Structure formats: C-alpha cells, structure tokens
$ cat upload-v2.cif   # mmCIF, N, CA and C atoms
data_coords
#
loop_
_atom_site.label_atom_id
_atom_site.label_comp_id
_atom_site.auth_asym_id
_atom_site.auth_seq_id
_atom_site.Cartn_x
_atom_site.Cartn_y
_atom_site.Cartn_z
N GLN M 1 90.43 82.09 122.00
CA GLN M 1 89.18 82.79 121.71
C GLN M 1 89.50 84.13 121.03
N VAL M 2 88.96 84.30 119.85
CA VAL M 2 89.18 85.54 119.11
C VAL M 2 88.12 86.56 119.53
N GLN M 3 88.57 87.74 119.86
CA GLN M 3 87.64 88.82 120.17
C GLN M 3 87.99 90.05 119.35
N LEU M 4 86.98 90.63 118.75
CA LEU M 4 87.12 91.85 117.96
C LEU M 4 86.22 92.91 118.55
N VAL M 5 86.76 94.08 118.82
CA VAL M 5 85.98 95.15 119.43
C VAL M 5 86.13 96.41 118.60
N GLU M 6 85.01 96.84 118.00
CA GLU M 6 85.01 98.06 117.19
C GLU M 6 84.70 99.28 118.06
N SER M 7 85.20 100.43 117.63
CA SER M 7 84.88 101.69 118.28
C SER M 7 85.03 102.81 117.28
N GLY M 8 84.52 104.00 117.64
CA GLY M 8 84.73 105.18 116.80
C GLY M 8 83.51 105.61 116.01
N GLY M 9 82.42 104.86 116.09
CA GLY M 9 81.23 105.27 115.36
C GLY M 9 80.60 106.51 115.98
N GLY M 10 79.59 107.04 115.29
CA GLY M 10 78.90 108.21 115.81
C GLY M 10 78.06 108.88 114.75
N LEU M 11 77.63 110.08 115.07
CA LEU M 11 76.81 110.90 114.17
C LEU M 11 77.68 111.99 113.56
N VAL M 12 77.61 112.11 112.25
CA VAL M 12 78.42 113.11 111.56
C VAL M 12 77.60 113.68 110.41
N GLN M 13 77.88 114.91 110.06
CA GLN M 13 77.20 115.51 108.91
C GLN M 13 77.83 115.04 107.61
N ALA M 14 77.05 115.09 106.56
CA ALA M 14 77.56 114.73 105.24
C ALA M 14 78.80 115.58 104.92
N GLY M 15 79.81 114.92 104.36
CA GLY M 15 81.06 115.59 104.08
C GLY M 15 82.08 115.48 105.19
N GLY M 16 81.64 115.01 106.34
CA GLY M 16 82.53 114.87 107.49
C GLY M 16 83.34 113.59 107.46
N SER M 17 84.09 113.38 108.55
CA SER M 17 84.99 112.23 108.64
C SER M 17 84.83 111.52 109.98
N LEU M 18 85.11 110.24 109.96
CA LEU M 18 85.19 109.42 111.16
C LEU M 18 86.30 108.41 110.97
N THR M 19 86.88 107.99 112.08
CA THR M 19 87.85 106.90 112.04
C THR M 19 87.38 105.79 112.96
N LEU M 20 87.17 104.63 112.39
CA LEU M 20 86.78 103.46 113.17
C LEU M 20 88.02 102.66 113.53
N SER M 21 87.98 102.02 114.69
CA SER M 21 89.06 101.14 115.13
C SER M 21 88.49 99.78 115.45
N CYS M 22 89.30 98.77 115.28
CA CYS M 22 88.93 97.41 115.65
C CYS M 22 90.13 96.77 116.33
N ALA M 23 89.97 96.51 117.62
CA ALA M 23 91.04 95.88 118.38
C ALA M 23 90.81 94.38 118.43
N ALA M 24 91.85 93.62 118.10
CA ALA M 24 91.74 92.17 118.05
C ALA M 24 92.58 91.53 119.14
N SER M 25 92.07 90.46 119.70
CA SER M 25 92.82 89.74 120.73
C SER M 25 93.74 88.72 120.09
N GLY M 26 94.83 88.39 120.76
CA GLY M 26 95.65 87.28 120.32
C GLY M 26 96.74 87.63 119.34
N THR M 27 97.78 86.86 119.34
CA THR M 27 98.89 87.10 118.44
C THR M 27 98.58 86.71 117.02
N ILE M 28 97.46 86.03 116.78
CA ILE M 28 97.08 85.64 115.43
C ILE M 28 96.84 86.83 114.53
N PHE M 29 96.65 87.99 115.13
CA PHE M 29 96.36 89.18 114.33
C PHE M 29 97.39 89.39 113.26
N LEU M 30 98.66 89.16 113.59
CA LEU M 30 99.75 89.44 112.66
C LEU M 30 99.67 88.61 111.39
N MET M 31 99.03 87.46 111.48
CA MET M 31 99.06 86.51 110.37
C MET M 31 97.81 86.57 109.50
N ASN M 32 96.85 87.34 109.88
CA ASN M 32 95.57 87.28 109.22
C ASN M 32 95.16 88.57 108.53
N PRO M 33 94.45 88.44 107.42
CA PRO M 33 93.84 89.63 106.84
C PRO M 33 92.70 90.10 107.73
N MET M 34 92.36 91.36 107.59
CA MET M 34 91.26 91.93 108.34
C MET M 34 90.34 92.65 107.37
N GLY M 35 89.05 92.60 107.66
CA GLY M 35 88.10 93.25 106.78
C GLY M 35 87.13 94.13 107.53
N TRP M 36 86.55 95.06 106.79
CA TRP M 36 85.46 95.89 107.29
C TRP M 36 84.22 95.64 106.43
N TYR M 37 83.09 95.50 107.10
CA TYR M 37 81.81 95.32 106.44
C TYR M 37 80.82 96.30 107.06
N ARG M 38 79.71 96.46 106.39
CA ARG M 38 78.65 97.31 106.97
C ARG M 38 77.28 96.74 106.60
N GLN M 39 76.32 97.07 107.45
CA GLN M 39 74.95 96.63 107.21
C GLN M 39 74.00 97.78 107.51
N ALA M 40 73.32 98.22 106.46
CA ALA M 40 72.32 99.27 106.61
C ALA M 40 70.97 98.63 106.92
N PRO M 41 70.05 99.38 107.52
CA PRO M 41 68.73 98.83 107.85
C PRO M 41 68.04 98.25 106.61
N GLY M 42 67.57 97.03 106.75
CA GLY M 42 66.85 96.38 105.66
C GLY M 42 67.71 95.85 104.55
N LYS M 43 69.03 95.92 104.72
CA LYS M 43 69.94 95.47 103.67
C LYS M 43 70.86 94.38 104.20
N GLN M 44 71.46 93.66 103.26
CA GLN M 44 72.41 92.64 103.65
C GLN M 44 73.75 93.27 104.02
N ARG M 45 74.51 92.54 104.82
CA ARG M 45 75.85 93.00 105.16
C ARG M 45 76.70 93.00 103.90
N GLU M 46 77.46 94.08 103.70
CA GLU M 46 78.28 94.18 102.51
C GLU M 46 79.74 94.43 102.85
N PHE M 47 80.61 93.92 101.99
CA PHE M 47 82.04 94.13 102.13
C PHE M 47 82.39 95.58 101.82
N ILE M 48 83.31 96.14 102.63
CA ILE M 48 83.76 97.52 102.42
C ILE M 48 85.24 97.55 102.04
N ALA M 49 86.07 96.94 102.85
CA ALA M 49 87.51 97.06 102.66
C ALA M 49 88.21 95.89 103.33
N ARG M 50 89.43 95.64 102.86
CA ARG M 50 90.20 94.53 103.40
C ARG M 50 91.67 94.90 103.36
N ILE M 51 92.42 94.42 104.36
CA ILE M 51 93.86 94.62 104.38
C ILE M 51 94.52 93.31 104.76
N THR M 52 95.52 92.91 103.99
CA THR M 52 96.22 91.66 104.27
C THR M 52 97.26 91.86 105.36
N SER M 53 97.85 90.77 105.78
CA SER M 53 98.90 90.87 106.80
C SER M 53 100.09 91.67 106.27
N GLY M 54 100.26 91.68 104.95
CA GLY M 54 101.36 92.42 104.35
C GLY M 54 101.02 93.85 104.00
N GLY M 55 99.76 94.25 104.27
CA GLY M 55 99.38 95.63 104.04
C GLY M 55 98.72 95.92 102.71
N PHE M 56 98.47 94.88 101.91
CA PHE M 56 97.76 95.11 100.65
C PHE M 56 96.27 95.35 100.94
N THR M 57 95.69 96.27 100.20
CA THR M 57 94.31 96.66 100.48
C THR M 57 93.43 96.54 99.24
N ASN M 58 92.15 96.36 99.47
CA ASN M 58 91.17 96.49 98.40
C ASN M 58 89.86 96.99 98.99
N TYR M 59 89.05 97.62 98.13
CA TYR M 59 87.85 98.33 98.56
C TYR M 59 86.69 98.05 97.60
N VAL M 60 85.50 98.18 98.13
CA VAL M 60 84.33 98.18 97.26
C VAL M 60 84.32 99.51 96.52
N ASP M 61 83.80 99.51 95.31
CA ASP M 61 83.87 100.70 94.47
C ASP M 61 83.23 101.93 95.12
N SER M 62 82.17 101.72 95.88
CA SER M 62 81.42 102.87 96.43
C SER M 62 82.21 103.67 97.45
N VAL M 63 83.30 103.12 97.98
CA VAL M 63 84.07 103.85 98.99
C VAL M 63 85.49 104.19 98.52
N LYS M 64 85.86 103.73 97.34
CA LYS M 64 87.20 104.02 96.84
C LYS M 64 87.44 105.51 96.76
N GLY M 65 88.61 105.93 97.26
CA GLY M 65 88.93 107.35 97.25
C GLY M 65 88.41 108.11 98.44
N ARG M 66 87.52 107.48 99.23
CA ARG M 66 86.97 108.14 100.42
C ARG M 66 87.37 107.42 101.71
N PHE M 67 87.49 106.10 101.66
CA PHE M 67 87.82 105.31 102.84
C PHE M 67 89.24 104.76 102.71
N THR M 68 89.92 104.65 103.84
CA THR M 68 91.27 104.08 103.86
C THR M 68 91.38 103.10 105.01
N VAL M 69 91.75 101.87 104.70
CA VAL M 69 91.95 100.86 105.73
C VAL M 69 93.45 100.75 106.03
N SER M 70 93.77 100.61 107.30
CA SER M 70 95.16 100.47 107.71
C SER M 70 95.21 99.58 108.94
N ARG M 71 96.41 99.17 109.30
CA ARG M 71 96.56 98.32 110.47
C ARG M 71 97.84 98.67 111.21
N ASP M 72 97.79 98.48 112.53
CA ASP M 72 98.95 98.65 113.39
C ASP M 72 99.17 97.31 114.08
N ASN M 73 100.10 96.54 113.57
CA ASN M 73 100.30 95.19 114.11
C ASN M 73 100.80 95.22 115.55
N ALA M 74 101.50 96.27 115.92
CA ALA M 74 102.00 96.37 117.30
C ALA M 74 100.85 96.55 118.28
N LYS M 75 99.74 97.11 117.80
CA LYS M 75 98.58 97.34 118.66
C LYS M 75 97.45 96.37 118.38
N ASN M 76 97.68 95.41 117.48
CA ASN M 76 96.61 94.46 117.11
C ASN M 76 95.33 95.19 116.72
N THR M 77 95.48 96.24 115.96
CA THR M 77 94.33 97.09 115.64
C THR M 77 94.29 97.40 114.15
N VAL M 78 93.08 97.39 113.61
CA VAL M 78 92.86 97.80 112.25
C VAL M 78 91.95 99.02 112.27
N TYR M 79 92.17 99.93 111.33
CA TYR M 79 91.45 101.19 111.30
C TYR M 79 90.71 101.35 109.96
N LEU M 80 89.68 102.15 110.02
CA LEU M 80 88.99 102.54 108.79
C LEU M 80 88.77 104.05 108.87
N GLN M 81 89.58 104.77 108.09
CA GLN M 81 89.43 106.22 108.00
C GLN M 81 88.37 106.50 106.93
N MET M 82 87.34 107.21 107.31
CA MET M 82 86.23 107.49 106.39
C MET M 82 86.10 108.99 106.20
N ASP M 83 86.32 109.43 104.99
CA ASP M 83 86.24 110.85 104.64
C ASP M 83 85.10 111.10 103.65
N ASN M 84 84.69 112.35 103.57
CA ASN M 84 83.62 112.74 102.65
C ASN M 84 82.42 111.80 102.80
N LEU M 85 81.99 111.63 104.02
CA LEU M 85 80.90 110.70 104.29
C LEU M 85 79.60 111.17 103.67
N LYS M 86 78.78 110.20 103.25
CA LYS M 86 77.50 110.47 102.61
C LYS M 86 76.39 109.81 103.41
N PRO M 87 75.18 110.32 103.30
CA PRO M 87 74.07 109.70 104.03
C PRO M 87 73.93 108.20 103.74
N GLU M 88 74.27 107.78 102.55
CA GLU M 88 74.16 106.37 102.21
C GLU M 88 75.24 105.51 102.88
N ASP M 89 76.18 106.14 103.56
CA ASP M 89 77.16 105.39 104.34
C ASP M 89 76.62 105.01 105.71
N THR M 90 75.43 105.49 106.05
CA THR M 90 74.83 105.16 107.34
C THR M 90 74.61 103.66 107.45
N ALA M 91 75.15 103.07 108.51
CA ALA M 91 75.07 101.62 108.70
C ALA M 91 75.76 101.26 110.01
N VAL M 92 75.61 100.01 110.39
CA VAL M 92 76.45 99.44 111.45
C VAL M 92 77.68 98.85 110.76
N TYR M 93 78.84 99.22 111.27
CA TYR M 93 80.10 98.78 110.68
C TYR M 93 80.72 97.69 111.55
N TYR M 94 81.16 96.62 110.88
CA TYR M 94 81.72 95.47 111.57
C TYR M 94 83.13 95.18 111.07
N CYS M 95 84.01 94.76 111.95
CA CYS M 95 85.28 94.24 111.48
C CYS M 95 85.22 92.71 111.48
N ASN M 96 86.04 92.15 110.64
CA ASN M 96 85.99 90.71 110.36
C ASN M 96 87.40 90.16 110.29
N MET M 97 87.57 88.98 110.87
CA MET M 97 88.83 88.26 110.75
C MET M 97 88.53 86.82 110.36
N PRO M 98 88.95 86.42 109.16
CA PRO M 98 88.76 85.03 108.76
C PRO M 98 89.95 84.18 109.22
N ILE M 99 89.68 83.10 109.91
CA ILE M 99 90.74 82.21 110.38
C ILE M 99 90.33 80.78 110.08
N GLY M 100 91.09 80.13 109.22
CA GLY M 100 90.85 78.72 108.94
C GLY M 100 89.44 78.43 108.48
N GLY M 101 88.90 79.30 107.65
CA GLY M 101 87.56 79.08 107.13
C GLY M 101 86.44 79.55 108.02
N VAL M 102 86.77 80.08 109.18
CA VAL M 102 85.77 80.60 110.12
C VAL M 102 85.87 82.11 110.15
N ASP M 103 84.72 82.78 110.06
CA ASP M 103 84.68 84.23 110.13
C ASP M 103 84.36 84.68 111.56
N TYR M 104 85.22 85.53 112.09
CA TYR M 104 84.98 86.12 113.40
C TYR M 104 84.57 87.58 113.19
N TRP M 105 83.60 88.01 114.01
CA TRP M 105 83.03 89.34 113.87
C TRP M 105 83.01 90.07 115.20
N GLY M 106 83.14 91.39 115.10
CA GLY M 106 82.88 92.20 116.27
C GLY M 106 81.39 92.47 116.40
N ALA M 107 81.01 93.20 117.43
CA ALA M 107 79.60 93.50 117.67
C ALA M 107 79.09 94.64 116.81
N GLY M 108 80.02 95.41 116.22
CA GLY M 108 79.64 96.50 115.34
C GLY M 108 79.60 97.84 116.02
N THR M 109 79.71 98.89 115.22
CA THR M 109 79.62 100.26 115.71
C THR M 109 78.77 101.06 114.72
N GLN M 110 77.84 101.84 115.25
CA GLN M 110 76.89 102.56 114.41
C GLN M 110 77.52 103.83 113.85
N VAL M 111 77.35 104.02 112.56
CA VAL M 111 77.74 105.27 111.89
C VAL M 111 76.48 105.86 111.26
N THR M 112 76.20 107.10 111.62
CA THR M 112 75.03 107.79 111.06
C THR M 112 75.48 109.09 110.43
N VAL M 113 75.15 109.26 109.16
CA VAL M 113 75.54 110.46 108.42
C VAL M 113 74.28 111.24 108.09
N SER M 114 74.20 112.44 108.60
CA SER M 114 73.03 113.28 108.35
C SER M 114 73.26 114.16 107.12
N SER M 115 72.16 114.44 106.44
CA SER M 115 72.27 115.25 105.21
C SER M 115 72.13 116.74 105.50
#
$ encode --input "upload-v2.cif" --output "structure tokens"
Amino acid sequence: QVQLVESGGGLVQAGGSLTLSCAASGTIFLMNPMGWYRQAPGKQREFIARITSGGFTNYVDSVKGRFTVSRDNAKNTVYLQMDNLKPEDTAVYYCNMPIGGVDYWGAGTQVTVSS
C-alpha cells in the first residue's frame, strides 16, 4: 500500500517562502519519479514540478526560477522549496507518485499567499 503524506503548508505573505514535504511509504520510492501538483479553487489540478529517481527535474513555466523540487531517498521524502511566492500560488498542493500506470496521491496541504 502506497501512502503519501504532505506537510509544510500554511499562510505566507507575498514574496515569502515555504517548503513542502512529502513522505512516501515503501522502498519503491527509490525507483519512482515524484511529482508536485496544485489545485486552486474552481480550477483543475495542474502539474508543478517533477523529479526522477536520478534527480532530473522539470517545472511548469509559471514556477521556474522560484520553486525547487528535491528528494532525499534515505528519508523517502520529496521536497518543494517555494520562494518569492505570489497570491496566484494559493492552492492545495499534492504530491504524486506514478507506479505502473497508477497515480497515487497524498491528501494535500493548503498554501495561502496573501497580498
């Protein structure tokens, strides 16, 4: 059973920073890419960032240069460092692990950026 647990969300002023964490269960973590997505009220869930098992990363254009995804395989944890946050970054943030064509999701963590 795959379990993903996000943490680190909260309320921050525009220009501030937050670091989200996603802890994954199981040794499968080492073999799988991990992704971060977000969903704002009234909008569809969108891709934010992804990191492969080898550490290669890619980002959606709107967060490039502001967000950094990383992983600690020893801790089965993936991180999302978010800097220079903007009000439009307000959303519930989810981590994702695709395994064999199945997407596993955490419950999400709320990030609210005030102007």
$ residues_near_point --input "upload-v2.cif" --point "(89.4, 96.6, 115.3)" --cutoff "6 Å" --atoms "only N, CA and C atoms" --output "number ranges by chain"
M: 4-6, 21-24, 77-79
$ resolve_selection --input "upload-v2.cif" --expression "the PyMOL selection byres (((chain M and resi 59 and name CA) around 12) and name CA)" --output "PDB file with N, CA and C atoms, keeping the file's coordinate frame"
ATOM      1  N   GLY M  35      89.050  92.600 107.660  1.00  0.00           N
ATOM      2  CA  GLY M  35      88.100  93.250 106.780  1.00  0.00           C
ATOM      3  C   GLY M  35      87.130  94.130 107.530  1.00  0.00           C
ATOM      4  N   TRP M  36      86.550  95.060 106.790  1.00  0.00           N
ATOM      5  CA  TRP M  36      85.460  95.890 107.290  1.00  0.00           C
ATOM      6  C   TRP M  36      84.220  95.640 106.430  1.00  0.00           C
ATOM      7  N   TYR M  37      83.090  95.500 107.100  1.00  0.00           N
ATOM      8  CA  TYR M  37      81.810  95.320 106.440  1.00  0.00           C
ATOM      9  C   TYR M  37      80.820  96.300 107.060  1.00  0.00           C
ATOM     10  N   GLU M  46      77.460  94.080 103.700  1.00  0.00           N
ATOM     11  CA  GLU M  46      78.280  94.180 102.510  1.00  0.00           C
ATOM     12  C   GLU M  46      79.740  94.430 102.850  1.00  0.00           C
ATOM     13  N   PHE M  47      80.610  93.920 101.990  1.00  0.00           N
ATOM     14  CA  PHE M  47      82.040  94.130 102.130  1.00  0.00           C
ATOM     15  C   PHE M  47      82.390  95.580 101.820  1.00  0.00           C
ATOM     16  N   ILE M  48      83.310  96.140 102.630  1.00  0.00           N
ATOM     17  CA  ILE M  48      83.760  97.520 102.420  1.00  0.00           C
ATOM     18  C   ILE M  48      85.240  97.550 102.040  1.00  0.00           C
ATOM     19  N   ALA M  49      86.070  96.940 102.850  1.00  0.00           N
ATOM     20  CA  ALA M  49      87.510  97.060 102.660  1.00  0.00           C
ATOM     21  C   ALA M  49      88.210  95.890 103.330  1.00  0.00           C
ATOM     22  N   ARG M  50      89.430  95.640 102.860  1.00  0.00           N
ATOM     23  CA  ARG M  50      90.200  94.530 103.400  1.00  0.00           C
ATOM     24  C   ARG M  50      91.670  94.900 103.360  1.00  0.00           C
ATOM     25  N   ILE M  51      92.420  94.420 104.360  1.00  0.00           N
ATOM     26  CA  ILE M  51      93.860  94.620 104.380  1.00  0.00           C
ATOM     27  C   ILE M  51      94.520  93.310 104.760  1.00  0.00           C
ATOM     28  N   PHE M  56      98.470  94.880 101.910  1.00  0.00           N
ATOM     29  CA  PHE M  56      97.760  95.110 100.650  1.00  0.00           C
ATOM     30  C   PHE M  56      96.270  95.350 100.940  1.00  0.00           C
ATOM     31  N   THR M  57      95.690  96.270 100.200  1.00  0.00           N
ATOM     32  CA  THR M  57      94.310  96.660 100.480  1.00  0.00           C
ATOM     33  C   THR M  57      93.430  96.540  99.240  1.00  0.00           C
ATOM     34  N   ASN M  58      92.150  96.360  99.470  1.00  0.00           N
ATOM     35  CA  ASN M  58      91.170  96.490  98.400  1.00  0.00           C
ATOM     36  C   ASN M  58      89.860  96.990  98.990  1.00  0.00           C
ATOM     37  N   VAL M  60      85.500  98.180  98.130  1.00  0.00           N
ATOM     38  CA  VAL M  60      84.330  98.180  97.260  1.00  0.00           C
ATOM     39  C   VAL M  60      84.320  99.510  96.520  1.00  0.00           C
ATOM     40  N   ASP M  61      83.800  99.510  95.310  1.00  0.00           N
ATOM     41  CA  ASP M  61      83.870 100.700  94.470  1.00  0.00           C
ATOM     42  C   ASP M  61      83.230 101.930  95.120  1.00  0.00           C
ATOM     43  N   SER M  62      82.170 101.720  95.880  1.00  0.00           N
ATOM     44  CA  SER M  62      81.420 102.870  96.430  1.00  0.00           C
ATOM     45  C   SER M  62      82.210 103.670  97.450  1.00  0.00           C
ATOM     46  N   VAL M  63      83.300 103.120  97.980  1.00  0.00           N
ATOM     47  CA  VAL M  63      84.070 103.850  98.990  1.00  0.00           C
ATOM     48  C   VAL M  63      85.490 104.190  98.520  1.00  0.00           C
ATOM     49  N   LYS M  64      85.860 103.730  97.340  1.00  0.00           N
ATOM     50  CA  LYS M  64      87.200 104.020  96.840  1.00  0.00           C
ATOM     51  C   LYS M  64      87.440 105.510  96.760  1.00  0.00           C
ATOM     52  N   GLY M  65      88.610 105.930  97.260  1.00  0.00           N
ATOM     53  CA  GLY M  65      88.930 107.350  97.250  1.00  0.00           C
ATOM     54  C   GLY M  65      88.410 108.110  98.440  1.00  0.00           C
ATOM     55  N   ARG M  66      87.520 107.480  99.230  1.00  0.00           N
ATOM     56  CA  ARG M  66      86.970 108.140 100.420  1.00  0.00           C
ATOM     57  C   ARG M  66      87.370 107.420 101.710  1.00  0.00           C
ATOM     58  N   PHE M  67      87.490 106.100 101.660  1.00  0.00           N
ATOM     59  CA  PHE M  67      87.820 105.310 102.840  1.00  0.00           C
ATOM     60  C   PHE M  67      89.240 104.760 102.710  1.00  0.00           C
ATOM     61  N   THR M  68      89.920 104.650 103.840  1.00  0.00           N
ATOM     62  CA  THR M  68      91.270 104.080 103.860  1.00  0.00           C
ATOM     63  C   THR M  68      91.380 103.100 105.010  1.00  0.00           C
ATOM     64  N   VAL M  69      91.750 101.870 104.700  1.00  0.00           N
ATOM     65  CA  VAL M  69      91.950 100.860 105.730  1.00  0.00           C
ATOM     66  C   VAL M  69      93.450 100.750 106.030  1.00  0.00           C
ATOM     67  N   SER M  70      93.770 100.610 107.300  1.00  0.00           N
ATOM     68  CA  SER M  70      95.160 100.470 107.710  1.00  0.00           C
ATOM     69  C   SER M  70      95.210  99.580 108.940  1.00  0.00           C
ATOM     70  N   LEU M  80      89.680 102.150 110.020  1.00  0.00           N
ATOM     71  CA  LEU M  80      88.990 102.540 108.790  1.00  0.00           C
ATOM     72  C   LEU M  80      88.770 104.050 108.870  1.00  0.00           C
TER      73      LEU M  80
END
$ resolve_selection --input "upload-v2.cif" --expression "the PyMOL selection byres ((chain M and resi 16) around 7)" --output "list in words"
Val12, Gln13, Ala14, Gly15, Ser17, Leu18, Met82, Asp83, Asn84, Leu85 and Lys86 of chain M
$ atom_distance --input "upload-v2.cif" --atom1 "atom C of Asp103 of chain M" --atom2 "atom CA of Gln39 of chain M"
15.8 Å
$ atom_distance --input "upload-v2.cif" --atom1 "atom N of Gly9 of chain M" --atom2 "atom C of Gly100 of chain M"
28.4 Å
$ closest_residue --input "upload-v2.cif" --among "M:Ala40, M:Arg71, M:Asn32, M:Gly54" --to "Asp89 of chain M" --atoms "only N, CA and C atoms"
M:Ala40
$ decode --input "upload-v2.cif" --residues "segment 14-84 of chain M" --atoms "C-alpha atoms" --output "mmCIF file, in the first residue's frame"
data_model
loop_
_atom_site.group_PDB
_atom_site.id
_atom_site.type_symbol
_atom_site.label_atom_id
_atom_site.label_comp_id
_atom_site.auth_asym_id
_atom_site.auth_seq_id
_atom_site.Cartn_x
_atom_site.Cartn_y
_atom_site.Cartn_z
ATOM 1 C CA ALA M 14 3.629 37.588 -0.987
ATOM 2 C CA GLY M 15 7.370 37.362 -1.520
ATOM 3 C CA GLY M 16 7.772 34.837 1.268
ATOM 4 C CA SER M 17 8.885 31.221 1.219
ATOM 5 C CA LEU M 18 7.597 27.819 2.240
ATOM 6 C CA THR M 19 8.996 24.325 1.997
ATOM 7 C CA LEU M 20 6.606 21.456 1.445
ATOM 8 C CA SER M 21 7.498 17.857 2.255
ATOM 9 C CA CYS M 22 6.000 14.608 1.057
ATOM 10 C CA ALA M 23 6.853 11.427 2.902
ATOM 11 C CA ALA M 24 6.301 8.200 0.983
ATOM 12 C CA SER M 25 5.909 4.706 2.346
ATOM 13 C CA GLY M 26 7.750 1.705 0.991
ATOM 14 C CA THR M 27 11.050 1.010 -0.657
ATOM 15 C CA ILE M 28 9.514 1.708 -4.069
ATOM 16 C CA PHE M 29 10.280 5.364 -3.505
ATOM 17 C CA LEU M 30 13.825 4.896 -4.757
ATOM 18 C CA MET M 31 12.665 3.640 -8.139
ATOM 19 C CA ASN M 32 9.963 6.118 -8.959
ATOM 20 C CA PRO M 33 9.675 9.693 -10.106
ATOM 21 C CA MET M 34 7.777 12.034 -7.828
ATOM 22 C CA GLY M 35 5.655 14.992 -8.764
ATOM 23 C CA TRP M 36 4.027 18.027 -7.224
ATOM 24 C CA TYR M 37 0.664 19.338 -8.378
ATOM 25 C CA ARG M 38 -1.667 22.027 -7.131
ATOM 26 C CA GLN M 39 -5.344 22.847 -7.352
ATOM 27 C CA ALA M 40 -6.734 26.309 -6.809
ATOM 28 C CA PRO M 41 -10.432 26.883 -6.032
ATOM 29 C CA GLY M 42 -12.539 26.462 -9.140
ATOM 30 C CA LYS M 43 -9.604 25.262 -11.220
ATOM 31 C CA GLN M 44 -8.297 21.946 -12.409
ATOM 32 C CA ARG M 45 -5.336 20.284 -10.763
ATOM 33 C CA GLU M 46 -2.158 21.346 -12.531
ATOM 34 C CA PHE M 47 1.356 19.965 -12.754
ATOM 35 C CA ILE M 48 4.030 21.968 -10.923
ATOM 36 C CA ALA M 49 7.263 20.014 -10.782
ATOM 37 C CA ARG M 50 8.715 16.556 -11.143
ATOM 38 C CA ILE M 51 11.900 14.796 -10.091
ATOM 39 C CA THR M 52 13.071 11.440 -11.416
ATOM 40 C CA SER M 53 14.743 8.732 -9.404
ATOM 41 C CA GLY M 54 18.040 10.004 -10.820
ATOM 42 C CA GLY M 55 17.374 13.568 -9.743
ATOM 43 C CA PHE M 56 16.413 15.122 -13.066
ATOM 44 C CA THR M 57 13.813 17.844 -12.665
ATOM 45 C CA ASN M 58 11.300 19.767 -14.716
ATOM 46 C CA TYR M 59 8.853 22.545 -13.873
ATOM 47 C CA VAL M 60 5.838 24.336 -15.229
ATOM 48 C CA ASP M 61 6.855 27.709 -16.629
ATOM 49 C CA SER M 62 4.944 29.700 -14.003
ATOM 50 C CA VAL M 63 7.182 28.452 -11.176
ATOM 51 C CA LYS M 64 10.553 28.193 -12.908
ATOM 52 C CA GLY M 65 13.192 30.114 -11.003
ATOM 53 C CA ARG M 66 11.002 30.292 -7.885
ATOM 54 C CA PHE M 67 10.323 26.652 -6.940
ATOM 55 C CA THR M 68 12.856 23.866 -6.450
ATOM 56 C CA VAL M 69 11.995 20.183 -6.181
ATOM 57 C CA SER M 70 14.401 17.802 -4.464
ATOM 58 C CA ARG M 71 14.378 14.379 -2.895
ATOM 59 C CA ASP M 72 16.086 12.552 -0.052
ATOM 60 C CA ASN M 73 15.994 8.868 -0.887
ATOM 61 C CA ALA M 74 17.296 7.912 2.548
ATOM 62 C CA LYS M 75 14.214 9.534 4.078
ATOM 63 C CA ASN M 76 11.741 8.542 1.334
ATOM 64 C CA THR M 77 10.852 12.206 1.110
ATOM 65 C CA VAL M 78 10.441 14.718 -1.672
ATOM 66 C CA TYR M 79 10.502 18.462 -1.067
ATOM 67 C CA LEU M 80 9.224 21.548 -2.801
ATOM 68 C CA GLN M 81 11.040 24.732 -1.863
ATOM 69 C CA MET M 82 8.868 27.686 -2.854
ATOM 70 C CA ASP M 83 10.386 31.163 -2.929
ATOM 71 C CA ASN M 84 9.040 34.549 -3.964
#
